[in-house]
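Student: What follows is protein_13.cif, mmCIF, C-alpha atoms and all ligand atoms; chains and numbers go by the auth columns.
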data_start
#
loop_
_atom_site.group_PDB
_atom_site.id
_atom_site.type_symbol
_atom_site.label_atom_id
_atom_site.label_comp_id
_atom_site.label_asym_id
_atom_site.label_seq_id
_atom_site.Cartn_x
_atom_site.Cartn_y
_atom_site.Cartn_z
_atom_site.B_iso_or_equiv
_atom_site.auth_seq_id
_atom_site.auth_asym_id
ATOM 1 C CA MET A 1 105.066 72.830 118.639 0.00 1 A
ATOM 2 C CA GLU A 2 107.837 71.535 116.389 0.00 2 A
ATOM 3 C CA GLN A 3 106.302 72.061 112.994 0.00 3 A
ATOM 4 C CA PHE A 4 103.232 73.127 111.060 0.00 4 A
ATOM 5 C CA SER A 5 102.261 73.654 107.429 0.00 5 A
ATOM 6 C CA VAL A 6 100.178 76.356 105.776 0.00 6 A
ATOM 7 C CA ARG A 7 99.019 76.670 102.215 0.00 7 A
ATOM 8 C CA SER A 8 99.297 79.817 100.147 0.00 8 A
ATOM 9 C CA GLY A 9 97.354 80.332 96.934 0.00 9 A
ATOM 10 C CA SER A 10 99.072 83.495 95.675 0.00 10 A
ATOM 11 C CA PRO A 11 102.140 85.709 96.111 0.00 11 A
ATOM 12 C CA ALA A 12 99.948 88.063 98.184 0.00 12 A
ATOM 13 C CA GLN A 13 99.101 85.264 100.582 0.00 13 A
ATOM 14 C CA THR A 14 102.762 84.324 100.881 0.00 14 A
ATOM 15 C CA ALA A 15 103.457 87.973 101.726 0.00 15 A
ATOM 16 C CA LEU A 16 100.841 87.904 104.498 0.00 16 A
ATOM 17 C CA ILE A 17 102.502 84.852 105.997 0.00 17 A
ATOM 18 C CA GLY A 18 105.866 86.618 105.802 0.00 18 A
ATOM 19 C CA ALA A 19 104.447 89.674 107.557 0.00 19 A
ATOM 20 C CA ALA A 20 103.102 87.481 110.356 0.00 20 A
ATOM 21 C CA LEU A 21 106.545 85.972 110.836 0.00 21 A
ATOM 22 C CA ALA A 22 108.155 89.441 110.847 0.00 22 A
ATOM 23 C CA ASP A 23 106.315 90.306 114.078 0.00 23 A
ATOM 24 C CA ALA A 24 107.957 87.337 115.803 0.00 24 A
ATOM 25 C CA LEU A 25 111.518 87.957 114.591 0.00 25 A
ATOM 26 C CA ARG A 26 114.286 89.479 116.666 0.00 26 A
ATOM 27 C CA PRO A 27 118.015 90.068 116.221 0.00 27 A
ATOM 28 C CA GLY A 28 120.000 86.848 116.319 0.00 28 A
ATOM 29 C CA ASP A 29 117.258 84.810 114.673 0.00 29 A
ATOM 30 C CA ILE A 30 118.232 82.534 111.804 0.00 30 A
ATOM 31 C CA VAL A 31 115.587 81.605 109.206 0.00 31 A
ATOM 32 C CA LEU A 32 116.565 79.013 106.595 0.00 32 A
ATOM 33 C CA LEU A 33 114.388 79.017 103.460 0.00 33 A
ATOM 34 C CA SER A 34 114.394 76.019 101.148 0.00 34 A
ATOM 35 C CA GLY A 35 112.552 75.105 97.971 0.00 35 A
ATOM 36 C CA ASP A 36 113.106 74.959 94.214 0.00 36 A
ATOM 37 C CA LEU A 37 113.693 77.996 92.023 0.00 37 A
ATOM 38 C CA ALA A 38 110.529 80.143 91.922 0.00 38 A
ATOM 39 C CA ALA A 39 109.092 78.402 94.981 0.00 39 A
ATOM 40 C CA GLY A 40 108.596 81.801 96.640 0.00 40 A
ATOM 41 C CA LYS A 41 111.588 82.287 98.931 0.00 41 A
ATOM 42 C CA THR A 42 112.508 85.786 97.750 0.00 42 A
ATOM 43 C CA THR A 43 108.841 86.823 97.661 0.00 43 A
ATOM 44 C CA PHE A 44 108.678 85.818 101.322 0.00 44 A
ATOM 45 C CA VAL A 45 111.889 87.657 102.290 0.00 45 A
ATOM 46 C CA LYS A 46 110.609 90.807 100.571 0.00 46 A
ATOM 47 C CA ALA A 47 107.428 90.677 102.664 0.00 47 A
ATOM 48 C CA VAL A 48 109.369 90.182 105.884 0.00 48 A
ATOM 49 C CA ALA A 49 111.640 93.137 105.069 0.00 49 A
ATOM 50 C CA GLU A 50 108.697 95.398 104.207 0.00 50 A
ATOM 51 C CA ALA A 51 106.842 94.404 107.351 0.00 51 A
ATOM 52 C CA LEU A 52 109.936 95.403 109.335 0.00 52 A
ATOM 53 C CA GLY A 53 109.814 98.816 107.711 0.00 53 A
ATOM 54 C CA SER A 54 112.570 98.375 105.143 0.00 54 A
ATOM 55 C CA THR A 55 112.367 100.356 101.940 0.00 55 A
ATOM 56 C CA ASP A 56 115.511 98.783 100.487 0.00 56 A
ATOM 57 C CA PRO A 57 115.050 96.863 97.239 0.00 57 A
ATOM 58 C CA VAL A 58 114.938 93.131 97.945 0.00 58 A
ATOM 59 C CA THR A 59 116.285 90.855 95.235 0.00 59 A
ATOM 60 C CA SER A 60 117.687 87.353 95.278 0.00 60 A
ATOM 61 C CA PRO A 61 121.354 87.861 96.200 0.00 61 A
ATOM 62 C CA THR A 62 122.350 84.960 93.965 0.00 62 A
ATOM 63 C CA PHE A 63 125.410 86.760 92.641 0.00 63 A
ATOM 64 C CA ALA A 64 126.100 89.075 95.558 0.00 64 A
ATOM 65 C CA LEU A 65 125.565 86.093 97.909 0.00 65 A
ATOM 66 C CA ALA A 66 124.619 88.406 100.775 0.00 66 A
ATOM 67 C CA GLN A 67 122.911 91.774 101.253 0.00 67 A
ATOM 68 C CA PHE A 68 122.026 93.843 104.311 0.00 68 A
ATOM 69 C CA TYR A 69 118.771 95.803 104.530 0.00 69 A
ATOM 70 C CA SER A 70 118.095 98.514 107.038 0.00 70 A
ATOM 71 C CA ALA A 71 114.826 97.996 108.891 0.00 71 A
ATOM 72 C CA ARG A 72 113.504 98.163 112.456 0.00 72 A
ATOM 73 C CA SER A 73 115.894 95.269 113.001 0.00 73 A
ATOM 74 C CA ARG A 74 118.698 95.060 110.480 0.00 74 A
ATOM 75 C CA ILE A 75 118.299 92.162 108.052 0.00 75 A
ATOM 76 C CA LEU A 76 120.937 89.964 106.435 0.00 76 A
ATOM 77 C CA HIS A 77 119.642 88.259 103.254 0.00 77 A
ATOM 78 C CA VAL A 78 121.827 85.418 102.003 0.00 78 A
ATOM 79 C CA ASP A 79 121.429 83.163 98.970 0.00 79 A
ATOM 80 C CA SER A 80 123.457 79.977 99.316 0.00 80 A
ATOM 81 C CA TYR A 81 122.588 78.655 95.859 0.00 81 A
ATOM 82 C CA ARG A 82 126.046 79.240 94.434 0.00 82 A
ATOM 83 C CA LEU A 83 128.005 78.307 97.553 0.00 83 A
ATOM 84 C CA ALA A 84 130.047 75.146 97.022 0.00 84 A
ATOM 85 C CA ASP A 85 130.224 74.231 100.676 0.00 85 A
ATOM 86 C CA VAL A 86 130.038 75.423 104.269 0.00 86 A
ATOM 87 C CA GLU A 87 133.676 76.493 104.116 0.00 87 A
ATOM 88 C CA GLU A 88 132.822 79.003 101.412 0.00 88 A
ATOM 89 C CA TYR A 89 130.046 80.364 103.614 0.00 89 A
ATOM 90 C CA ARG A 90 132.438 80.775 106.550 0.00 90 A
ATOM 91 C CA ASP A 91 134.856 82.650 104.302 0.00 91 A
ATOM 92 C CA LEU A 92 132.213 85.341 103.745 0.00 92 A
ATOM 93 C CA GLY A 93 132.793 86.357 107.360 0.00 93 A
ATOM 94 C CA LEU A 94 129.116 86.916 108.126 0.00 94 A
ATOM 95 C CA ALA A 95 129.082 85.062 111.441 0.00 95 A
ATOM 96 C CA GLU A 96 130.324 88.116 113.329 0.00 96 A
ATOM 97 C CA TYR A 97 127.152 90.007 112.399 0.00 97 A
ATOM 98 C CA GLN A 98 124.630 87.281 112.976 0.00 98 A
ATOM 99 C CA ASP A 99 123.915 87.953 116.646 0.00 99 A
ATOM 100 C CA GLU A 100 122.851 91.498 115.788 0.00 100 A
ATOM 101 C CA VAL A 101 120.763 90.969 112.681 0.00 101 A
ATOM 102 C CA ILE A 102 117.844 88.857 111.503 0.00 102 A
ATOM 103 C CA SER A 103 119.301 86.349 109.020 0.00 103 A
ATOM 104 C CA LEU A 104 117.093 85.141 106.166 0.00 104 A
ATOM 105 C CA ILE A 105 118.990 82.517 104.162 0.00 105 A
ATOM 106 C CA GLU A 106 117.739 81.138 100.834 0.00 106 A
ATOM 107 C CA TRP A 107 118.861 77.576 100.056 0.00 107 A
ATOM 108 C CA GLY A 108 119.653 77.587 103.767 0.00 108 A
ATOM 109 C CA GLU A 109 119.470 73.801 104.041 0.00 109 A
ATOM 110 C CA LYS A 110 122.892 73.695 102.384 0.00 110 A
ATOM 111 C CA ILE A 111 124.489 75.302 105.432 0.00 111 A
ATOM 112 C CA ALA A 112 122.036 74.259 108.155 0.00 112 A
ATOM 113 C CA GLY A 113 124.866 72.591 110.075 0.00 113 A
ATOM 114 C CA GLU A 114 126.249 76.068 110.826 0.00 114 A
ATOM 115 C CA PHE A 115 123.094 76.973 112.752 0.00 115 A
ATOM 116 C CA PRO A 116 122.095 74.586 115.554 0.00 116 A
ATOM 117 C CA CYS A 117 119.209 76.941 116.389 0.00 117 A
ATOM 118 C CA HIS A 118 117.116 78.001 113.416 0.00 118 A
ATOM 119 C CA LEU A 119 113.631 78.176 111.970 0.00 119 A
ATOM 120 C CA ALA A 120 113.404 76.208 108.712 0.00 120 A
ATOM 121 C CA ILE A 121 110.722 77.105 106.181 0.00 121 A
ATOM 122 C CA SER A 122 110.335 74.862 103.152 0.00 122 A
ATOM 123 C CA PHE A 123 108.358 75.952 100.107 0.00 123 A
ATOM 124 C CA VAL A 124 106.789 73.359 97.837 0.00 124 A
ATOM 125 C CA ALA A 125 104.642 74.040 94.783 0.00 125 A
ATOM 126 C CA THR A 126 101.267 72.291 94.925 0.00 126 A
ATOM 127 C CA ASP A 127 99.042 71.097 92.080 0.00 127 A
ATOM 128 C CA GLU A 128 96.891 74.240 92.231 0.00 128 A
ATOM 129 C CA THR A 129 97.902 77.228 90.095 0.00 129 A
ATOM 130 C CA ASP A 130 100.085 79.485 92.242 0.00 130 A
ATOM 131 C CA GLY A 131 99.672 77.071 95.145 0.00 131 A
ATOM 132 C CA ARG A 132 102.499 76.663 97.641 0.00 132 A
ATOM 133 C CA SER A 133 102.794 74.654 100.804 0.00 133 A
ATOM 134 C CA LEU A 134 104.978 76.275 103.486 0.00 134 A
ATOM 135 C CA THR A 135 106.244 74.072 106.299 0.00 135 A
ATOM 136 C CA PHE A 136 107.698 75.780 109.369 0.00 136 A
ATOM 137 C CA ALA A 137 110.002 73.591 111.479 0.00 137 A
ATOM 138 C CA SER A 138 111.900 74.328 114.678 0.00 138 A
ATOM 139 C CA SER A 139 115.365 73.023 115.568 0.00 139 A
ATOM 140 C CA CYS A 140 115.588 74.481 119.088 0.00 140 A
ATOM 141 C CA ASP A 141 113.693 75.784 122.118 0.00 141 A
ATOM 142 C CA ARG A 142 113.612 79.332 120.743 0.00 142 A
ATOM 143 C CA TRP A 143 111.373 78.232 117.874 0.00 143 A
ATOM 144 C CA THR A 144 109.593 75.323 119.521 0.00 144 A
ATOM 145 C CA GLY A 145 108.378 77.894 122.062 0.00 145 A
ATOM 146 C CA ALA A 146 107.346 80.396 119.390 0.00 146 A
ATOM 147 C CA LEU A 147 105.717 78.221 116.742 0.00 147 A
ATOM 148 C CA GLY A 148 102.353 77.915 118.496 0.00 148 A
ATOM 149 C CA ASP A 149 101.942 81.694 118.635 0.00 149 A
ATOM 150 C CA LEU A 150 103.181 82.034 115.072 0.00 150 A
ATOM 151 C CA HIS A 151 100.680 79.464 113.858 0.00 151 A
ATOM 152 C CA ALA A 152 97.907 81.373 115.645 0.00 152 A
ATOM 153 C CA ALA A 153 99.097 84.713 114.230 0.00 153 A
ATOM 154 C CA ILE A 154 99.142 83.389 110.676 0.00 154 A
ATOM 155 C CA SER A 155 95.604 82.042 111.089 0.00 155 A
ATOM 156 C CA LYS A 156 94.382 85.308 112.605 0.00 156 A
ATOM 157 C CA ASP A 157 96.073 87.648 110.122 0.00 157 A
ATOM 158 C CA THR A 158 94.897 85.691 107.196 0.00 158 A
ATOM 159 C CA ASN A 159 91.371 84.678 108.174 0.00 159 A
ATOM 160 C CA GLY A 160 90.236 87.963 109.685 0.00 160 A
ATOM 161 C CA ALA A 161 90.918 91.308 108.052 0.00 161 A
ATOM 162 C CA HIS A 162 92.217 89.699 104.918 0.00 162 A
ATOM 163 C CA ALA A 163 89.438 87.226 104.308 0.00 163 A
ATOM 164 C CA ARG A 164 89.905 87.423 100.570 0.00 164 A
ATOM 165 C CA ASP A 165 93.496 86.357 101.023 0.00 165 A
ATOM 166 C CA ARG A 166 92.503 83.467 103.192 0.00 166 A
ATOM 167 C CA ILE A 167 95.240 80.982 104.041 0.00 167 A
ATOM 168 C CA VAL A 168 94.320 77.371 104.637 0.00 168 A
ATOM 169 C CA ILE A 169 95.965 75.890 107.719 0.00 169 A
ATOM 170 C CA ASP A 170 96.523 72.143 107.439 0.00 170 A
HETATM 171 P P1 LIG B . 112.564 81.841 94.791 0.00 201 B
HETATM 172 O O1 LIG B . 113.262 82.905 95.569 0.00 201 B
HETATM 173 O O2 LIG B . 112.117 80.680 95.648 0.00 201 B
HETATM 174 O O3 LIG B . 113.351 81.366 93.609 0.00 201 B
HETATM 175 P P2 LIG B . 110.733 83.939 93.959 0.00 201 B
HETATM 176 O O4 LIG B . 110.053 84.467 95.163 0.00 201 B
HETATM 177 O O5 LIG B . 111.851 84.721 93.370 0.00 201 B
HETATM 178 O O6 LIG B . 111.187 82.420 94.236 0.00 201 B
HETATM 179 O O7 LIG B . 109.691 83.711 92.791 0.00 201 B
HETATM 180 C C1 LIG B . 108.451 83.104 93.021 0.00 201 B
HETATM 181 C C2 LIG B . 107.650 83.259 91.748 0.00 201 B
HETATM 182 O O8 LIG B . 106.454 82.485 91.836 0.00 201 B
HETATM 183 C C3 LIG B . 107.232 84.703 91.530 0.00 201 B
HETATM 184 O O9 LIG B . 107.194 84.965 90.152 0.00 201 B
HETATM 185 C C4 LIG B . 105.827 84.729 92.130 0.00 201 B
HETATM 186 O O10 LIG B . 105.014 85.717 91.552 0.00 201 B
HETATM 187 C C5 LIG B . 105.327 83.337 91.759 0.00 201 B
HETATM 188 N N1 LIG B . 104.316 82.789 92.693 0.00 201 B
HETATM 189 C C6 LIG B . 103.153 82.225 92.286 0.00 201 B
HETATM 190 N N2 LIG B . 102.438 81.805 93.321 0.00 201 B
HETATM 191 C C7 LIG B . 103.148 82.120 94.434 0.00 201 B
HETATM 192 C C8 LIG B . 102.900 81.928 95.820 0.00 201 B
HETATM 193 N N3 LIG B . 101.788 81.339 96.300 0.00 201 B
HETATM 194 N N4 LIG B . 103.837 82.379 96.679 0.00 201 B
HETATM 195 C C9 LIG B . 104.981 82.953 96.222 0.00 201 B
HETATM 196 N N5 LIG B . 105.267 83.163 94.926 0.00 201 B
HETATM 197 C C10 LIG B . 104.359 82.730 94.024 0.00 201 B
HETATM 198 MG MG MG B . 115.252 83.633 95.457 0.00 202 B
#
Show the structure stored in the file as structure tokens.
Tutor:
Amino acid sequence: MEQFSVRSGSPAQTALIGAALADALRPGDIVLLSGDLAAGKTTFVKAVAEALGSTDPVTSPTFALAQFYSARSRILHVDSYRLADVEEYRDLGLAEYQDEVISLIEWGEKIAGEFPCHLAISFVATDETDGRSLTFASSCDRWTGALGDLHAAISKDTNGAHARDRIVID
């Protein structure tokens, strides 16, 4: 599977989707998050970090550019919003860590060329109040092979125990 979309109707639902992704993540993975300001990217990262057992405060690293969180697998949280170009990203010297950590990169589409293998998640506000559409797209075998299971996990997590936080799968 190369891509799928899910709809979230609240921050809590977005967090459930993030927790489902957390189960599939492993060191070396690169997740690029795109979408306008307030689309839900940081809300999603926070849920992933919590699901991986992190108790570190998660905030948009817009000024810090990058933060590490300790968790079952160490997390690198980047915000590319203020980066002028890919060169500026390279100068941060983060590449040497990226095989060992899970990288979650806001505004990641700006530096997607650095990561031939990544999972892209785009967040788009819908017409409904608090509605968001999340599209998951694979750029390589790692994610093309994992998206089917991820899609199933999101459906299961969100339509079973958490019926009140039901997610609609398109
Ligand atoms: P970003 O990092 O994309 O700029 P944030 O996660 O910081 O976005 O902020 C998202 C804002 O939108 C928060 O105030 C959150 O409460 C609100 N929100 C409303 N509906 C949703 C939703 N379905 N998913 C995520 N956030 C939502
Ligand atoms: Mg943010």
Student: Go through A:Ser8, A:Ser133, A:Gln13, A:Thr62 one by one, measure the shortest atom-to-atom distance of each to ligand MG 202 (chain B) using all atoms listed in the file, and give the residue with the smallest value.
Tutor: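 For ligand MG 202 (chain B), the nearest of the candidates is A:Thr62.
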Student: So, counting only C-alpha atoms, which residue among A:Ala12, A:Ser5, A:Ser34, A:Thr43 is closest to Ser122 of chain A?
Tutor: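 For Ser122 of chain A, the nearest of the candidates is A:Ser34.
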Student: When distances are computed from all atoms listed in the file, which of A:Leu92, A:Leu134, A:Ala120, A:Ala49 shows the smallest separation from Arg72 of chain A?
Tutor: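 Of the candidates, the smallest distance to Arg72 of chain A is held by A:Ala49.
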Student: Translate the PyMOL selection byres (((chain A and resi 66) around 8) and not hetatm) into a concrete residue list for this structure, as a ChimeraX atom specification.
Tutor: /A:61-62,64-65,67-68,76-79
Student: Have a look at atom C4 of ligand LIG 201 (chain B) and atom CA of Gly9 of chain A and let me know their distance in Å, one decimal.
Tutor: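 Going from atom C4 of ligand LIG 201 (chain B) over to atom CA of Gly9 of chain A covers 10.7 Å.
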Student: What is the atom CA of Thr129 of chain A to atom CA of Leu32 of chain A distance in Å?
Tutor: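 Computing the Euclidean distance for atom CA of Thr129 of chain A and atom CA of Leu32 of chain A yields 25.0 Å.
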Student: Exactly which residues make up the result of the PyMOL selection byres (((chain A and resi 18) around 6) and not hetatm) on this file, given as a ChimeraX atom specification?
Tutor: /A:15-17,19-21,44,47-48
Student: Would you mind telling me which residue in A:Tyr97, A:Phe115, A:Phe63, A:Phe123 lies nearest to ligand LIG 201 (chain B) when using all atoms listed in the file?
Tutor: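 Looking only at the distances to ligand LIG 201 (chain B), the closest residue turns out to be A:Phe123.
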Student: How would you write, as a ChimeraX atom specification, the residues chosen by the PyMOL selection byres (((chain A and resi 104) around 6) and not hetatm) on this structure?
Tutor: /A:31,77,103,105
Student: What separation in Å, quoted to one decimal, exists between atom CA of Ser80 of chain A and atom CA of Leu119 of chain A?
Tutor: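 Result for atom CA of Ser80 of chain A versus atom CA of Leu119 of chain A: 16.1 Å, one decimal.
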Student: Neighbouring residues of ligand LIG 201 (chain B) are defined here as those with any atom at most 7 Å from a ligand atom, counting only C-alpha atoms and all ligand atoms; list them as a ChimeraX atom specification.
Tutor: /A:8-11,13-14,35-44,60,130-132
Student: Could you check the closest approach to Cys140 of chain A for each of A:Ala71, A:Cys117, A:Ala51, A:Ala152 and tell me which residue wins, using all atoms listed in the file?
Tutor: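 Of all the options, A:Cys117 lies closest to Cys140 of chain A.
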Student: Which of these residues is nearest to ligand MG 202 (chain B), using only C-alpha atoms and all ligand atoms: A:Tyr81, A:Asp141, A:Ala112, A:Ile154?
Tutor: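 Selected residue with least distance to ligand MG 202 (chain B): A:Tyr81.
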Student: For Glu100 of chain A, find every residue with an atom within 12 Å (counting only C-alpha atoms), except residues of its own chain fewer than 6 positions away, and show them as a PyMOL selection string.
Tutor: chain A and resi 25-30+68+72-76+94
Student: Env of Pro57 of chain A: 10 Å cut, atoms = only C-alpha atoms, seq-sep filter 6 positions within chain, self excluded. Answer as a compact mmCIF listing (two decimals) with C-alpha atoms, in the coordinates of the input.
Tutor:
# COMPACT_ATOMS: atom_id res chain seq x y z
CA LYS A 46 110.61 90.81 100.57
CA ALA A 49 111.64 93.14 105.07
CA GLU A 50 108.70 95.40 104.21
CA TYR A 69 118.77 95.80 104.53
